[in-house]
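Engineer: Can you read through this structure? Questions will come right after.
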Amino acid sequence: MKAIVLNETGGTDKLVYTDLPKPNILPNEVLIQTKAIAINPVDIKTRMGKGVYGRIKDEQPLIIGWDLSGIVVSAGDESGFKPGDEVFGMVNFPGHGKAYAEYVAAPASHLALKPANISFEEAAATTLAALTAYQGLIHQTSLSKGQRILVHAAAGGVGHFIVQIAKHLGLYVIGTSSAENKSFVEELGADEHTDYKSVRFEEVAKDIDLVFDTIGGDNITRSIGVLKKGGTIISIPSGVSETQIEEAKSAGINAFFFLVQSNGKDMEVLAEFLQQGIIKPYVTVYDFSQIAEAHAQQETGKTKGKLVLQVS
């Protein structure tokens with residue numbers, strides 16, 4: 001099978017196409033013929049020796065990537081799936097996903113059946129980013145209808161799912177993005193839009209119950225002042241510093257880092273959301289041969305929605 005391996009950290013030239021044997025599966029796993037793979041910021045960080053590289057660097061061959069959709073070609077006796085099933089999921093995150101390959105051995109507990117009304121590309125896009133949005137909103141908070149959420153980078157991979165799920169939950173959504181993506185963010189369902197290039201969000205956003213931060217750094221500090229006492233900041237890209245935690249605590253704000261986890265039950269909920277049209281990914285598709293181009297685009301930090309590699 002064709003696979004993309006990372007032999008050493010660095011630029012996109014370190015992602016090397018090679019031929020490898022198809023993986024074997026355990027009784028609780030399935031072998032998936034990959035149809036589409038999604039690209040995430042963590043892929044870029046890991047390629048460069050950050051992200052989850054430290055967790056998997058001693059495993060060879062090292063194949064990064066976690067998001068996929070495809071067709072089950074063989075199923076373990078304990079998997080609950082059967083050959084021919086169309087599935088999607090985020091595999092083994094934050095461990096060794098091995099998704100950049102034509103065939104992937106995946107734990108059945110990380111997968112869900114792909115709804116018939118969406119493409120493999122749309123399914124692959126609705127994995128890590130959508131799980132992050134769902135788990136952050138459902139498992140990490142307890143918001144009620146009408147409460148106010150500020151979504152940073154609302155046009156991005158995670159952000160555009162947060163907006164859609166938050167609106168489904170009945171929240172009042174304020175999204176930040178560039179002016180170029182204003183109409184996109186509003187079409188997703190945002191009640192308000194802030195152009196981060198021309199307006200400082202802390203000057204216009206007030207009485208916020210939850211800030212979902214997908215940018216990190218000083219953005220976290222700036223967000224503290226827009227929250228109500230008792231409000232929450234969830235940050236996903238790079239953690240929350242001790243200084244920021246203390247500053248938030250002094251203001252009566254809860255600030256914490258959240259890392260998404262593979263979860264098939266949550267994937268089943270996302271499958272239902274896709275089936276019902278509650279969420280819809282915005283997808284830009286590349287060919288499997290264009291891993292360097294896809295990584296380069298993701299690395300700009302200006303990607304709208306999700307980037308997906310079409311495998312076959």
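In the structure tokens, chains take letters A, B, ... by order of appearance, with residues numbered from 1 within each chain and ligands from 1 in the order shown.
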Hey, what does DSSP flag as strand (DSSP E) within segment 67-259 of chain A? Can you give it to me as a PyMOL selection string?
Structural biologist: chain A and resi 67-75+86-90+103-107+111-113+148-151+172-177+192-195+208-213+227-235+254-257
Engineer: Select from segment 43-85 of chain A everything DSSP, run on the backbone, classes as helix (DSSP H, G or I), then give the selection as a PyMOL selection string.
Structural biologist: chain A and resi 43-47+53-56
Engineer: So, with only C-alpha atoms as the atoms that count, which of A:Gln147, A:Asp191, A:Arg200, A:Ile165 lies closest to Ser178 of chain A?
Structural biologist: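 Of A:Gln147, A:Asp191, A:Arg200, A:Ile165, the one nearest Ser178 of chain A, counting only C-alpha atoms, is A:Arg200.
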Engineer: Using only C-alpha atoms, pick whichever of A:Val199, A:Val240, A:Val260, A:Leu188 has the shortest atom-to-atom distance to Trp66 of chain A.
Structural biologist: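 Among the listed residues, the smallest separation from Trp66 of chain A belongs to A:Val260.
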Engineer: So, counting only C-alpha atoms, which residue among A:Phe257, A:Tyr286, A:Leu270, A:Asp19 is closest to Gln140 of chain A?
Structural biologist: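 Comparing A:Phe257, A:Tyr286, A:Leu270, A:Asp19 against Gln140 of chain A, the winner is A:Phe257.
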Engineer: May I ask which of the residues A:Lys57, A:Lys304, A:Lys35, A:Arg47 is the closest one to Gly70 of chain A, counting only C-alpha atoms?
Structural biologist: A:Lys35
Engineer: If you count only C-alpha atoms, which residues fall within 9 Å of Ile291 of chain A, apart from same-chain ones fewer than 6 positions away, as an NGL selection string?
Structural biologist: :A and (4 or 12 or 15 or 309)
Engineer: From the list A:Ser198, A:Gln135, A:Thr127, A:Ser142, which residue is nearest Val308 of chain A when using only C-alpha atoms?
Structural biologist: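 Counting only C-alpha atoms, the residue closest to Val308 of chain A is A:Thr127.
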Engineer: Kindly indicate which residue among A:Gln60, A:Ser119, A:Ser144, A:Thr176 lies nearest to Tyr196 of chain A, using only C-alpha atoms for the distances.
Structural biologist: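 Ranking A:Gln60, A:Ser119, A:Ser144, A:Thr176 by distance to Tyr196 of chain A, first place goes to A:Thr176.
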Engineer: May I have the residues within 8 Å of segment 106-117 of chain A as a list in words, using only C-alpha atoms and disregarding those fewer than 6 positions away in the same chain?
Structural biologist: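 That gives Ile25, Asn28, Glu29, Val30, Leu31, Ile32, Ser69, Ser79, Gly80, Phe81, Asp85, Glu86, Val87, Phe88, Gly89, Met90, Val91, Asn92, Ala123, Ser262, Asn263, Gly264, Lys265, Met267, Glu268, Ala271, Glu272, Leu274 and Gln275 of chain A.
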Engineer: Keeping C-alpha atoms for every residue in the selection just given, could you write it to a file as a JSON list (two decimals), in the first residue's frame?
Structural biologist:
[["chain", "number", "residue", "atom", "x", "y", "z"],
["A", 25, "ILE", "CA", -5.79, -6.03, 12.74],
["A", 28, "ASN", "CA", -11.42, -5.19, 18.21],
["A", 29, "GLU", "CA", -10.16, -3.43, 15.07],
["A", 30, "VAL", "CA", -11.12, -3.05, 11.43],
["A", 31, "LEU", "CA", -8.98, -2.61, 8.33],
["A", 32, "ILE", "CA", -10.15, 0.42, 6.39],
["A", 69, "SER", "CA", -13.12, 7.94, 6.13],
["A", 79, "SER", "CA", -15.39, -5.00, 16.18],
["A", 80, "GLY", "CA", -19.12, -4.87, 15.55],
["A", 81, "PHE", "CA", -18.47, -3.83, 11.94],
["A", 85, "ASP", "CA", -19.33, -0.74, 5.99],
["A", 86, "GLU", "CA", -18.56, 2.90, 5.22],
["A", 87, "VAL", "CA", -17.00, 4.45, 8.32],
["A", 88, "PHE", "CA", -15.27, 7.59, 9.55],
["A", 89, "GLY", "CA", -13.46, 8.70, 12.67],
["A", 90, "MET", "CA", -10.46, 10.19, 14.43],
["A", 91, "VAL", "CA", -8.16, 7.24, 15.06],
["A", 92, "ASN", "CA", -5.91, 6.75, 18.11],
["A", 123, "ALA", "CA", -16.96, 12.64, 6.52],
["A", 262, "SER", "CA", -10.93, 9.57, 20.09],
["A", 263, "ASN", "CA", -14.47, 8.48, 20.92],
["A", 264, "GLY", "CA", -16.77, 6.41, 18.73],
["A", 265, "LYS", "CA", -19.90, 7.29, 20.71],
["A", 267, "MET", "CA", -18.64, 10.16, 16.42],
["A", 268, "GLU", "CA", -22.09, 8.56, 16.30],
["A", 271, "ALA", "CA", -22.94, 11.20, 12.24],
["A", 272, "GLU", "CA", -26.49, 11.99, 13.34],
["A", 274, "LEU", "CA", -24.53, 15.24, 9.55],
["A", 275, "GLN", "CA", -27.52, 13.08, 8.67]]
Engineer: Tell me, as a PyMOL selection string, which residues lie within 8 Å of Ile253 of chain A, counting only C-alpha atoms; anything in the same chain fewer than 4 positions away does not count.
Structural biologist: chain A and resi 224+227-233+248-249
Engineer: What's around Gly84 of chain A at 7 Å? Count only C-alpha atoms, leave out sequence neighbours fewer than 4 positions away in its own chain, and write the answer as a VMD selection string.
Structural biologist: chain A and resid 71 to 73
Engineer: May I have the selected residues written with C-alpha atoms, as a compact mmCIF listing (two decimals), in the first residue's frame?
Structural biologist:
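To be explicit, this is the file written out as out.txt:
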# COMPACT_ATOMS: atom_id res chain seq x y z
CA ILE A 71 -14.62 1.28 3.60
CA VAL A 72 -14.12 -1.65 5.97
CA VAL A 73 -12.35 -4.44 4.06
Engineer: Just want the 9 Å neighbourhood of Thr132 of chain A, counted on only C-alpha atoms, with same-chain residues fewer than 6 positions away dropped. Output as a list in words.
Structural biologist: Val158, Phe161, Ile162, Ile236, Phe258, Leu259, Val260 and Gln261 of chain A
